[in-house]
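Next comes upload34.pdb, with PDB, C-alpha atoms.
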ATOM      1  CA  MET A   1      26.521  80.391 -83.965
ATOM      2  CA  GLU A   2      29.368  81.338 -81.659
ATOM      3  CA  ILE A   3      32.951  82.041 -82.897
ATOM      4  CA  ASN A   4      36.132  81.934 -80.853
ATOM      5  CA  LYS A   5      38.916  84.547 -81.062
ATOM      6  CA  GLU A   6      41.118  82.131 -82.960
ATOM      7  CA  GLN A   7      38.375  81.436 -85.489
ATOM      8  CA  TYR A   8      37.693  85.198 -85.752
ATOM      9  CA  GLU A   9      41.338  85.974 -86.491
ATOM     10  CA  LEU A  10      41.431  83.193 -89.127
ATOM     11  CA  LEU A  11      38.320  84.586 -90.761
ATOM     12  CA  LYS A  12      39.895  88.068 -90.876
ATOM     13  CA  LYS A  13      42.800  86.772 -92.887
ATOM     14  CA  LEU A  14      40.453  85.178 -95.473
ATOM     15  CA  ASP A  15      38.854  86.873 -98.446
ATOM     16  CA  ALA A  16      35.163  87.719 -98.457
ATOM     17  CA  VAL A  17      34.275  84.737-100.676
ATOM     18  CA  GLU A  18      36.314  82.218 -98.694
ATOM     19  CA  ARG A  19      35.003  83.667 -95.433
ATOM     20  CA  HIS A  20      31.423  83.183 -96.700
ATOM     21  CA  LYS A  21      32.121  79.591 -97.681
ATOM     22  CA  LYS A  22      33.676  78.841 -94.291
ATOM     23  CA  LEU A  23      30.730  80.318 -92.404
ATOM     24  CA  ILE A  24      28.187  78.422 -94.529
ATOM     25  CA  GLU A  25      30.098  75.172 -94.005
ATOM     26  CA  ASN A  26      30.122  75.640 -90.244
ATOM     27  CA  TYR A  27      26.415  76.462 -90.307
ATOM     28  CA  LEU A  28      25.502  73.337 -92.262
ATOM     29  CA  ASN A  29      27.608  71.085 -90.022
ATOM     30  CA  GLN A  30      25.958  72.477 -86.930
ATOM     31  CA  LYS A  31      22.502  72.062 -88.504
ATOM     32  CA  ASN A  32      23.165  68.391 -89.384
ATOM     33  CA  ASN A  33      24.414  67.703 -85.858
ATOM     34  CA  ASP A  34      21.216  69.193 -84.419
ATOM     35  CA  ILE A  35      19.079  66.996 -86.721
ATOM     36  CA  LYS A  36      20.984  63.870 -85.681
ATOM     37  CA  LYS A  37      20.550  64.710 -82.010
ATOM     38  CA  LYS A  38      16.793  65.142 -82.494
ATOM     39  CA  GLN A  39      16.539  61.801 -84.304
ATOM     40  CA  GLN A  40      18.471  60.045 -81.542
ATOM     41  CA  GLN A  41      16.213  61.597 -78.922
ATOM     42  CA  GLN A  42      13.114  60.479 -80.825
ATOM     43  CA  GLN A  43      14.461  56.918 -81.137
ATOM     44  CA  GLN A  44      15.211  56.809 -77.418
ATOM     45  CA  GLN A  45      11.704  58.028 -76.638
ATOM     46  CA  GLN A  46      10.176  55.375 -78.909
ATOM     47  CA  GLN A  47      12.256  52.625 -77.274
ATOM     48  CA  GLN A  48      11.191  53.798 -73.850
ATOM     49  CA  GLN A  49       7.538  53.805 -74.908
ATOM     50  CA  GLN A  50       7.843  50.262 -76.336
ATOM     51  CA  GLN A  51       9.447  49.032 -73.132
ATOM     52  CA  GLN A  52       6.677  50.605 -71.083
ATOM     53  CA  GLN A  53       4.015  48.977 -73.276
ATOM     54  CA  GLN A  54       5.698  45.563 -72.989
ATOM     55  CA  GLN A  55       5.869  45.935 -69.224
ATOM     56  CA  GLN A  56       2.166  46.801 -69.077
ATOM     57  CA  GLN A  57       1.257  43.826 -71.280
ATOM     58  CA  GLN A  58       3.358  41.502 -69.127
ATOM     59  CA  LYS A  59       1.642  42.834 -66.013
ATOM     60  CA  GLU A  60      -1.771  42.082 -67.550
ATOM     61  CA  VAL A  61      -0.630  38.567 -68.545
ATOM     62  CA  ASP A  62       0.696  37.942 -65.042
ATOM     63  CA  LYS A  63      -2.546  39.252 -63.588
ATOM     64  CA  TYR A  64      -4.613  36.626 -65.503
ATOM     65  CA  LYS A  65      -1.957  33.906 -65.416
ATOM     66  CA  ASN A  66      -3.734  31.792 -62.790
ATOM     67  CA  PHE A  67      -7.168  32.193 -64.393
ATOM     68  CA  LYS A  68      -8.733  29.365 -66.486
ATOM     69  CA  THR A  69     -11.226  29.369 -69.322
ATOM     70  CA  ASP A  70     -14.615  27.632 -69.096
ATOM     71  CA  TYR A  71     -13.379  24.946 -71.470
ATOM     72  CA  GLN A  72     -10.370  24.156 -69.229
ATOM     73  CA  ILE A  73     -12.633  23.978 -66.174
ATOM     74  CA  LEU A  74     -15.052  21.618 -67.980
ATOM     75  CA  LYS A  75     -12.170  19.453 -69.180
ATOM     76  CA  GLU A  76     -10.870  19.059 -65.615
ATOM     77  CA  ASN A  77     -14.230  18.483 -63.862
ATOM     78  CA  HIS A  78     -16.381  16.754 -66.500
ATOM     79  CA  GLN A  79     -17.572  13.200 -65.771
ATOM     80  CA  PHE A  80     -19.091  10.737 -68.224
ATOM     81  CA  LEU A  81     -21.575   9.511 -65.581
ATOM     82  CA  ARG A  82     -22.343  11.346 -62.335
ATOM     83  CA  ASP A  83     -23.835  10.073 -59.079
ATOM     84  CA  GLU A  84     -27.504  10.854 -58.439
ATOM     85  CA  GLY A  85     -26.668  11.951 -54.864
ATOM     86  CA  GLU A  86     -24.967  15.117 -56.143
ATOM     87  CA  ASN A  87     -28.371  16.803 -56.614
ATOM     88  CA  GLU A  88     -28.909  16.756 -52.849
ATOM     89  CA  ASN A  89     -25.472  18.224 -52.027
ATOM     90  CA  ILE A  90     -25.272  21.024 -54.620
ATOM     91  CA  ASP A  91     -24.331  23.633 -51.998
ATOM     92  CA  GLN A  92     -21.214  21.659 -51.062
ATOM     93  CA  LEU A  93     -19.872  21.687 -54.643
ATOM     94  CA  THR A  94     -17.304  24.220 -55.816
ATOM     95  CA  TRP A  95     -18.026  26.742 -58.581
ATOM     96  CA  GLU A  96     -16.047  24.642 -61.091
ATOM     97  CA  GLU A  97     -17.965  21.467 -60.187
ATOM     98  CA  LYS A  98     -21.290  23.327 -60.489
ATOM     99  CA  LEU A  99     -20.326  24.524 -63.972
ATOM    100  CA  ALA A 100     -19.448  20.957 -65.033
ATOM    101  CA  LYS A 101     -22.729  19.675 -63.556
ATOM    102  CA  THR A 102     -24.866  22.236 -65.403
ATOM    103  CA  TYR A 103     -23.207  21.188 -68.663
ATOM    104  CA  TYR A 104     -23.776  17.498 -67.774
ATOM    105  CA  ASP A 105     -27.493  18.121 -67.089
ATOM    106  CA  ARG A 106     -27.936  19.599 -70.588
ATOM    107  CA  LEU A 107     -26.704  16.408 -72.281
ATOM    108  CA  TYR A 108     -29.061  13.662 -73.526
ATOM    109  CA  LYS A 109     -27.907  10.299 -72.208
ATOM    110  CA  GLU A 110     -30.013   7.764 -74.136
ATOM    111  CA  TYR A 111     -27.778   7.225 -77.180
ATOM    112  CA  ALA A 112     -24.109   8.157 -77.615
ATOM    113  CA  ILE A 113     -21.843   9.401 -80.422
ATOM    114  CA  ILE A 114     -18.836   7.128 -81.031
ATOM    115  CA  ASP A 115     -15.323   7.783 -82.378
ATOM    116  CA  LEU A 116     -13.832   4.747 -84.176
ATOM    117  CA  SER A 117     -10.652   6.372 -85.523
ATOM    118  CA  ARG A 118      -8.517   3.950 -83.416
ATOM    119  CA  TYR A 119     -10.531   0.774 -84.047
ATOM    120  CA  LYS A 120      -7.433  -1.325 -84.845
ATOM    121  CA  SER A 121      -6.033  -0.884 -81.319
ATOM    122  CA  GLY A 122      -9.448  -1.530 -79.711
ATOM    123  CA  GLU A 123      -9.723   2.067 -78.376
ATOM    124  CA  ILE A 124     -13.021   3.912 -78.829
ATOM    125  CA  GLY A 125     -14.330   7.291 -77.709
ATOM    126  CA  LEU A 126     -17.900   7.980 -76.569
ATOM    127  CA  ARG A 127     -19.794  11.142 -75.723
ATOM    128  CA  TRP A 128     -23.424  12.000 -75.047
ATOM    129  CA  ARG A 129     -25.547  13.870 -77.577
ATOM    130  CA  ILE A 130     -26.395  17.569 -77.406
ATOM    131  CA  GLU A 131     -29.769  19.184 -78.118
ATOM    132  CA  SER A 132     -29.151  19.947 -81.812
ATOM    133  CA  GLU A 133     -28.119  16.314 -82.456
ATOM    134  CA  VAL A 134     -31.244  15.006 -80.719
ATOM    135  CA  ILE A 135     -33.469  17.293 -82.847
ATOM    136  CA  SER A 136     -31.787  16.170 -86.090
ATOM    137  CA  GLY A 137     -31.889  12.475 -85.046
ATOM    138  CA  ARG A 138     -28.114  12.125 -85.141
ATOM    139  CA  GLY A 139     -26.995   8.896 -83.427
ATOM    140  CA  GLN A 140     -30.515   7.427 -83.218
ATOM    141  CA  PHE A 141     -31.915   7.384 -86.765
ATOM    142  CA  THR A 142     -28.483   7.708 -88.372
ATOM    143  CA  CYS A 143     -25.124   6.016 -87.760
ATOM    144  CA  ALA A 144     -23.515   7.238 -84.549
ATOM    145  CA  ASN A 145     -19.974   7.038 -85.906
ATOM    146  CA  LYS A 146     -18.351  10.471 -85.890
ATOM    147  CA  LYS A 147     -16.943  10.137 -89.431
ATOM    148  CA  CYS A 148     -19.469   7.813 -91.073
ATOM    149  CA  GLU A 149     -20.244   8.765 -94.681
ATOM    150  CA  SER A 150     -23.613   6.964 -94.650
ATOM    151  CA  SER A 151     -24.870   8.858 -91.599
ATOM    152  CA  SER A 152     -27.014  11.269 -93.641
ATOM    153  CA  ASN A 153     -28.571   8.666 -95.968
ATOM    154  CA  ASN A 154     -32.186   8.057 -94.959
ATOM    155  CA  ASN A 155     -32.362   4.943 -97.175
ATOM    156  CA  LYS A 156     -30.041   3.050 -94.843
ATOM    157  CA  ILE A 157     -32.077   3.511 -91.674
ATOM    158  CA  ALA A 158     -33.442  -0.052 -91.993
ATOM    159  CA  GLU A 159     -29.894  -1.440 -91.925
ATOM    160  CA  LEU A 160     -28.959   0.350 -88.697
ATOM    161  CA  LYS A 161     -28.686  -1.787 -85.554
ATOM    162  CA  SER A 162     -28.313  -0.803 -81.908
ATOM    163  CA  PHE A 163     -25.636  -2.196 -79.605
ATOM    164  CA  GLU A 164     -25.005  -2.088 -75.874
ATOM    165  CA  VAL A 165     -21.285  -1.398 -75.677
ATOM    166  CA  PRO A 166     -19.401  -2.146 -72.419
ATOM    167  CA  PHE A 167     -17.419   1.109 -72.228
ATOM    168  CA  SER A 168     -14.440   0.989 -69.840
ATOM    169  CA  TYR A 169     -12.690   4.309 -69.191
ATOM    170  CA  ASN A 170     -10.359   6.051 -66.725
ATOM    171  CA  GLU A 171     -11.798   9.089 -64.962
ATOM    172  CA  LEU A 172     -10.335  10.994 -61.992
ATOM    173  CA  ASN A 173      -7.694   8.251 -61.613
ATOM    174  CA  GLU A 174     -10.413   5.565 -61.340
ATOM    175  CA  ASN A 175     -11.280   2.740 -63.752
ATOM    176  CA  LYS A 176     -15.011   2.727 -64.530
ATOM    177  CA  ILE A 177     -17.331   0.639 -66.729
ATOM    178  CA  ALA A 178     -20.692   1.607 -68.222
ATOM    179  CA  LEU A 179     -23.132   0.056 -70.727
ATOM    180  CA  VAL A 180     -23.851   2.584 -73.471
ATOM    181  CA  LYS A 181     -26.364   2.347 -76.345
ATOM    182  CA  VAL A 182     -24.946   2.980 -79.808
ATOM    183  CA  VAL A 183     -26.644   2.810 -83.231
ATOM    184  CA  LEU A 184     -24.327   1.739 -86.083
ATOM    185  CA  CYS A 185     -24.444   0.727 -89.722
ATOM    186  CA  PRO A 186     -23.083  -2.728 -90.778
ATOM    187  CA  LEU A 187     -19.661  -1.382 -91.811
ATOM    188  CA  CYS A 188     -19.137   0.578 -88.577
ATOM    189  CA  SER A 189     -20.336  -2.393 -86.506
ATOM    190  CA  LYS A 190     -17.503  -4.418 -88.049
ATOM    191  CA  LEU A 191     -15.054  -1.681 -87.060
ATOM    192  CA  LEU A 192     -16.432  -1.781 -83.510
ATOM    193  CA  ASN A 193     -15.835  -5.553 -83.287
ATOM    194  CA  TYR A 194     -12.584  -5.556 -85.267
ATOM    195  CA  THR A 195     -10.486  -7.021 -82.421
ATOM    196  CA  ASN A 196     -13.068  -9.753 -81.679
ATOM    197  CA  ILE A 197     -13.199 -10.743 -85.344
ATOM    198  CA  LYS A 198      -9.406 -10.893 -85.466
ATOM    199  CA  LYS A 199      -9.339 -13.222 -82.445
ATOM    200  CA  LYS A 200     -12.001 -15.458 -83.990
ATOM    201  CA  LYS A 201     -10.013 -15.703 -87.217
ATOM    202  CA  LYS A 202      -6.883 -16.745 -85.341
ATOM    203  CA  GLU A 203      -8.826 -19.382 -83.378
ATOM    204  CA  LEU A 204     -10.358 -20.713 -86.593
ATOM    205  CA  LYS A 205      -6.965 -20.965 -88.299
ATOM    206  CA  LYS A 206      -5.517 -22.844 -85.329
ATOM    207  CA  PHE A 207      -8.486 -25.194 -85.232
ATOM    208  CA  LEU A 208      -8.265 -25.943 -88.967
ATOM    209  CA  LYS A 209      -4.524 -26.589 -88.753
ATOM    210  CA  GLU A 210      -5.018 -28.999 -85.852
ATOM    211  CA  GLU A 211      -7.758 -30.832 -87.715
ATOM    212  CA  LYS A 212      -5.568 -31.111 -90.833
ATOM    213  CA  ASN A 213      -2.718 -32.550 -88.782
ATOM    214  CA  LYS A 214      -5.085 -35.021 -87.145
ATOM    215  CA  ASN A 215      -6.448 -36.134 -90.528
ATOM    216  CA  LYS A 216      -2.920 -36.656 -91.837
ATOM    217  CA  LYS A 217      -2.057 -38.806 -88.829
ATOM    218  CA  ARG A 218      -5.232 -40.849 -89.266
ATOM    219  CA  LYS A 219      -4.480 -41.454 -92.947
ATOM    220  CA  LYS A 220      -0.974 -42.600 -92.056
ATOM    221  CA  ASN A 221      -2.367 -44.991 -89.456
ATOM    222  CA  LYS A 222      -4.868 -46.318 -92.013
ATOM    223  CA  ASN A 223      -2.122 -46.989 -94.530
ATOM    224  CA  ASP A 224      -0.001 -48.736 -91.897
ATOM    225  CA  ASN A 225      -2.935 -50.853 -90.784
ATOM    226  CA  SER A 226      -3.878 -51.789 -94.358
ATOM    227  CA  SER A 227      -0.291 -52.820 -95.169
ATOM    228  CA  SER A 228      -0.083 -54.960 -92.007
ATOM    229  CA  GLU A 229      -3.418 -56.584 -92.848
ATOM    230  CA  GLU A 230      -2.264 -57.423 -96.368
ATOM    231  CA  GLU A 231       0.881 -59.058 -94.969
ATOM    232  CA  GLU A 232      -1.209 -61.110 -92.581
ATOM    233  CA  GLU A 233      -3.494 -62.237 -95.397
ATOM    234  CA  GLU A 234      -0.553 -63.352 -97.479
ATOM    235  CA  ASN A 235       0.874 -65.341 -94.572
ATOM    236  CA  ASN A 236      -2.484 -66.906 -93.889
ATOM    237  CA  ASN A 237      -2.915 -67.906 -97.529
ATOM    238  CA  GLU A 238       0.472 -69.616 -97.515
ATOM    239  CA  GLU A 239      -0.432 -71.640 -94.413
ATOM    240  CA  GLU A 240      -3.659 -72.899 -96.118
ATOM    241  CA  ASP A 241      -6.162 -72.529 -93.316
ATOM    242  CA  ASP A 242      -9.252 -74.682 -93.742
ATOM    243  CA  ASP A 243     -11.397 -72.693 -91.309
ATOM    244  CA  ASP A 244     -13.963 -70.594 -93.197
ATOM    245  CA  GLY A 245     -15.060 -68.824 -89.977
ATOM    246  CA  SER A 246     -11.702 -66.997 -89.714
ATOM    247  CA  ASP A 247     -12.223 -65.375 -93.146
ATOM    248  CA  ILE A 248     -15.661 -64.114 -92.165
ATOM    249  CA  GLU A 249     -14.254 -62.555 -88.952
ATOM    250  CA  ARG A 250     -11.562 -60.716 -90.898
ATOM    251  CA  LYS A 251     -14.082 -59.270 -93.324
ATOM    252  CA  SER A 252     -16.300 -58.090 -90.464
ATOM    253  CA  LYS A 253     -13.301 -56.382 -88.758
ATOM    254  CA  LYS A 254     -12.449 -54.542 -91.971
ATOM    255  CA  LYS A 255     -16.012 -53.290 -92.327
ATOM    256  CA  ARG A 256     -16.077 -52.072 -88.708
ATOM    257  CA  LYS A 257     -12.816 -50.159 -89.162
ATOM    258  CA  SER A 258     -14.012 -48.497 -92.379
ATOM    259  CA  ILE A 259     -17.282 -47.479 -90.694
ATOM    260  CA  GLU A 260     -15.406 -46.000 -87.691
ATOM    261  CA  ASN A 261     -13.080 -43.970 -89.931
ATOM    262  CA  HIS A 262     -16.052 -42.660 -91.935
ATOM    263  CA  THR A 263     -17.872 -41.527 -88.760
ATOM    264  CA  ASN A 264     -14.739 -39.759 -87.455
ATOM    265  CA  GLU A 265     -14.443 -37.746 -90.687
ATOM    266  CA  GLU A 266     -18.112 -36.720 -90.458
ATOM    267  CA  VAL A 267     -17.612 -35.487 -86.843
ATOM    268  CA  VAL A 268     -14.601 -33.371 -87.888
ATOM    269  CA  ASN A 269     -16.508 -31.820 -90.804
ATOM    270  CA  LYS A 270     -19.416 -30.946 -88.503
ATOM    271  CA  LYS A 271     -17.041 -29.175 -86.053
ATOM    272  CA  VAL A 272     -15.479 -27.122 -88.849
ATOM    273  CA  SER A 273     -18.881 -26.092 -90.216
ATOM    274  CA  LYS A 274     -20.017 -25.022 -86.728
ATOM    275  CA  GLU A 275     -16.923 -22.848 -86.267
ATOM    276  CA  LYS A 276     -17.520 -21.181 -89.644
ATOM    277  CA  ASP A 277     -21.147 -20.474 -88.763
ATOM    278  CA  GLN A 278     -20.048 -18.862 -85.481
ATOM    279  CA  TYR A 279     -17.549 -16.691 -87.337
ATOM    280  CA  GLU A 280     -20.182 -15.507 -89.841
ATOM    281  CA  ASP A 281     -22.647 -14.693 -87.030
ATOM    282  CA  VAL A 282     -20.248 -12.732 -84.788
ATOM    283  CA  PHE A 283     -22.654  -9.841 -84.384
ATOM    284  CA  SER A 284     -25.906 -11.791 -83.936
ATOM    285  CA  ASP A 285     -25.562 -12.070 -80.122
ATOM    286  CA  MET A 286     -24.855  -8.352 -79.680
ATOM    287  CA  PHE A 287     -27.983  -6.946 -81.334
ATOM    288  CA  LEU A 288     -30.602  -5.534 -78.969
TER
END

Would you give me this structure, written as structure tokens?
Amino acid sequence: MEINKEQYELLKKLDAVERHKKLIENYLNQKNNDIKKKQQQQQQQQQQQQQQQQQQQQKEVDKYKNFKTDYQILKENHQFLRDEGENENIDQLTWEEKLAKTYYDRLYKEYAIIDLSRYKSGEIGLRWRIESEVISGRGQFTCANKKCESSSNNNKIAELKSFEVPFSYNELNENKIALVKVVLCPLCSKLLNYTNIKKKKKELKKFLKEEKNKNKKRKKNKNDNSSSEEEEEENNNEEEDDDDGSDIERKSKKKRKSIENHTNEEVVNKKVSKEKDQYEDVFSDMFL
């Protein structure tokens, strides 16, 4: 601890006790300043170390920035159905395409697993089965729906039915179509054909409305015809016709008209029953 001449002269003038206090005070102030300087230096060093670590981490991130995971590569290069000619030209494929092809070769492409979460919009998802699913019988002896609750019930195997679904999809900016086998339970088969059933219902409603309107018109025409016939009969009775043959002809005409109306109603009822039968048997034509 260094003391200037001015400080020395001031200390001379002080008593021994006051001089001691002054020296101790100066000592403690200097000690606190040294501690603060050390703390500041340590903080600066820590900040510099953190900055260096961040820079190193950023360098590592930038180094692997253009690299892709296997999943990303499969997602970009996977195809639902591949051409058989690719086996002959394996050497011409890139590493990414080879990886996607090896994964494709491990899949079992007899039956598919289906996703019906968007059945109301008519959108479905299909994928091929993997080895563990083939061993457990998933999608062949159980319902192939991804979220079907009855998929694990062995008692419902008899109710399962297989379908050939025309699967249209967009792959590599191309629209493709493939026939895929799917095994479904009765409830999931209704979900699969939800849009078709909806269309059939609308057609049935339209048909029934048209038939009702036609029947109403026919009844009106019958009433008009019957009223006109009654008026004619009254006029004829007033004129006192002596010809009996005219009465017989009128009766025969009435019978013919009643028979024709009866036959028309039977034809309409047959059409309605046929449409209902078609609606109940929507799925019968799709079973394999």

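Put simply, atom CA of A:Thr195 is 6.9 Å away from atom CA of A:Lys120.
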
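Take atom CA of A:Phe80 and atom CA of A:Tyr194: the distance between them is 24.5 Å.
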
Q. If you count all atoms listed in the file, which residues fall within 12 Å of A:Asn196, apart from same-chain ones fewer than 2 positions away, as an MDAnalysis selection string?
A. chainID A and resid 119:122 189:194 198:203 279 282:283

Q. Quick one, how far is atom CA of A:Lys176 from atom CA of A:Glu164?
A. 15.9 Å

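This file, queried with the PyMOL selection byres ((chain A and resi 123-130) around 6), gives the residues Leu107, Tyr108, Lys109, Ala112, Ile113, Ile114, Asp115, Leu116, Arg118, Tyr119, Ser121, Gly122, Glu131, Ser132 and Glu133 of chain A.
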
Q) Expanded to explicit residues, what is the PyMOL selection byres ((chain A and resi 143) around 6) for this file, as a ChimeraX atom specification? A) /A:139,142,144-145,151,183-185

Please write C-alpha atoms of stretch 54-99 of chain A, from the structure given just now, as an mmCIF file, in the first residue's frame.
data_model
loop_
_atom_site.group_PDB
_atom_site.id
_atom_site.type_symbol
_atom_site.label_atom_id
_atom_site.label_comp_id
_atom_site.auth_asym_id
_atom_site.auth_seq_id
_atom_site.Cartn_x
_atom_site.Cartn_y
_atom_site.Cartn_z
ATOM 1 C CA GLN A 54 -21.378 -21.283 -29.276
ATOM 2 C CA GLN A 55 -19.127 -20.620 -32.249
ATOM 3 C CA GLN A 56 -17.888 -24.218 -32.196
ATOM 4 C CA GLN A 57 -21.446 -25.569 -31.976
ATOM 5 C CA GLN A 58 -22.539 -23.354 -34.865
ATOM 6 C CA LYS A 59 -19.596 -24.585 -36.923
ATOM 7 C CA GLU A 60 -20.635 -28.202 -36.280
ATOM 8 C CA VAL A 61 -24.260 -27.402 -37.212
ATOM 9 C CA ASP A 62 -23.124 -25.686 -40.403
ATOM 10 C CA LYS A 63 -20.884 -28.638 -41.186
ATOM 11 C CA TYR A 64 -23.862 -31.079 -41.112
ATOM 12 C CA LYS A 65 -26.428 -28.597 -42.422
ATOM 13 C CA ASN A 66 -26.648 -30.151 -45.895
ATOM 14 C CA PHE A 67 -26.744 -33.729 -44.588
ATOM 15 C CA LYS A 68 -30.044 -35.708 -44.433
ATOM 16 C CA THR A 69 -31.225 -38.533 -42.223
ATOM 17 C CA ASP A 70 -32.185 -41.962 -43.590
ATOM 18 C CA TYR A 71 -35.835 -41.192 -42.909
ATOM 19 C CA GLN A 72 -35.689 -37.978 -44.993
ATOM 20 C CA ILE A 73 -33.991 -39.846 -47.842
ATOM 21 C CA LEU A 74 -36.647 -42.607 -47.747
ATOM 22 C CA LYS A 75 -39.438 -40.030 -47.658
ATOM 23 C CA GLU A 76 -38.070 -38.318 -50.782
ATOM 24 C CA ASN A 77 -37.259 -41.459 -52.823
ATOM 25 C CA HIS A 78 -39.843 -44.021 -51.670
ATOM 26 C CA GLN A 79 -42.336 -45.318 -54.257
ATOM 27 C CA PHE A 80 -45.519 -47.274 -53.600
ATOM 28 C CA LEU A 81 -44.897 -49.474 -56.671
ATOM 29 C CA ARG A 82 -41.569 -49.720 -58.504
ATOM 30 C CA ASP A 83 -40.782 -50.864 -62.042
ATOM 31 C CA GLU A 84 -39.364 -54.372 -62.449
ATOM 32 C CA GLY A 85 -36.675 -53.030 -64.827
ATOM 33 C CA GLU A 86 -34.856 -51.321 -61.943
ATOM 34 C CA ASN A 87 -33.279 -54.653 -60.911
ATOM 35 C CA GLU A 88 -31.301 -54.716 -64.160
ATOM 36 C CA ASN A 89 -30.030 -51.124 -63.818
ATOM 37 C CA ILE A 90 -29.029 -51.087 -60.130
ATOM 38 C CA ASP A 91 -25.566 -49.673 -60.895
ATOM 39 C CA GLN A 92 -27.113 -46.584 -62.493
ATOM 40 C CA LEU A 93 -29.105 -45.703 -59.350
ATOM 41 C CA THR A 94 -27.867 -43.159 -56.825
ATOM 42 C CA TRP A 95 -27.083 -44.073 -53.208
ATOM 43 C CA GLU A 96 -30.394 -42.551 -52.047
ATOM 44 C CA GLU A 97 -32.391 -44.522 -54.635
ATOM 45 C CA LYS A 98 -30.588 -47.744 -53.648
ATOM 46 C CA LEU A 99 -31.494 -47.157 -49.998
#
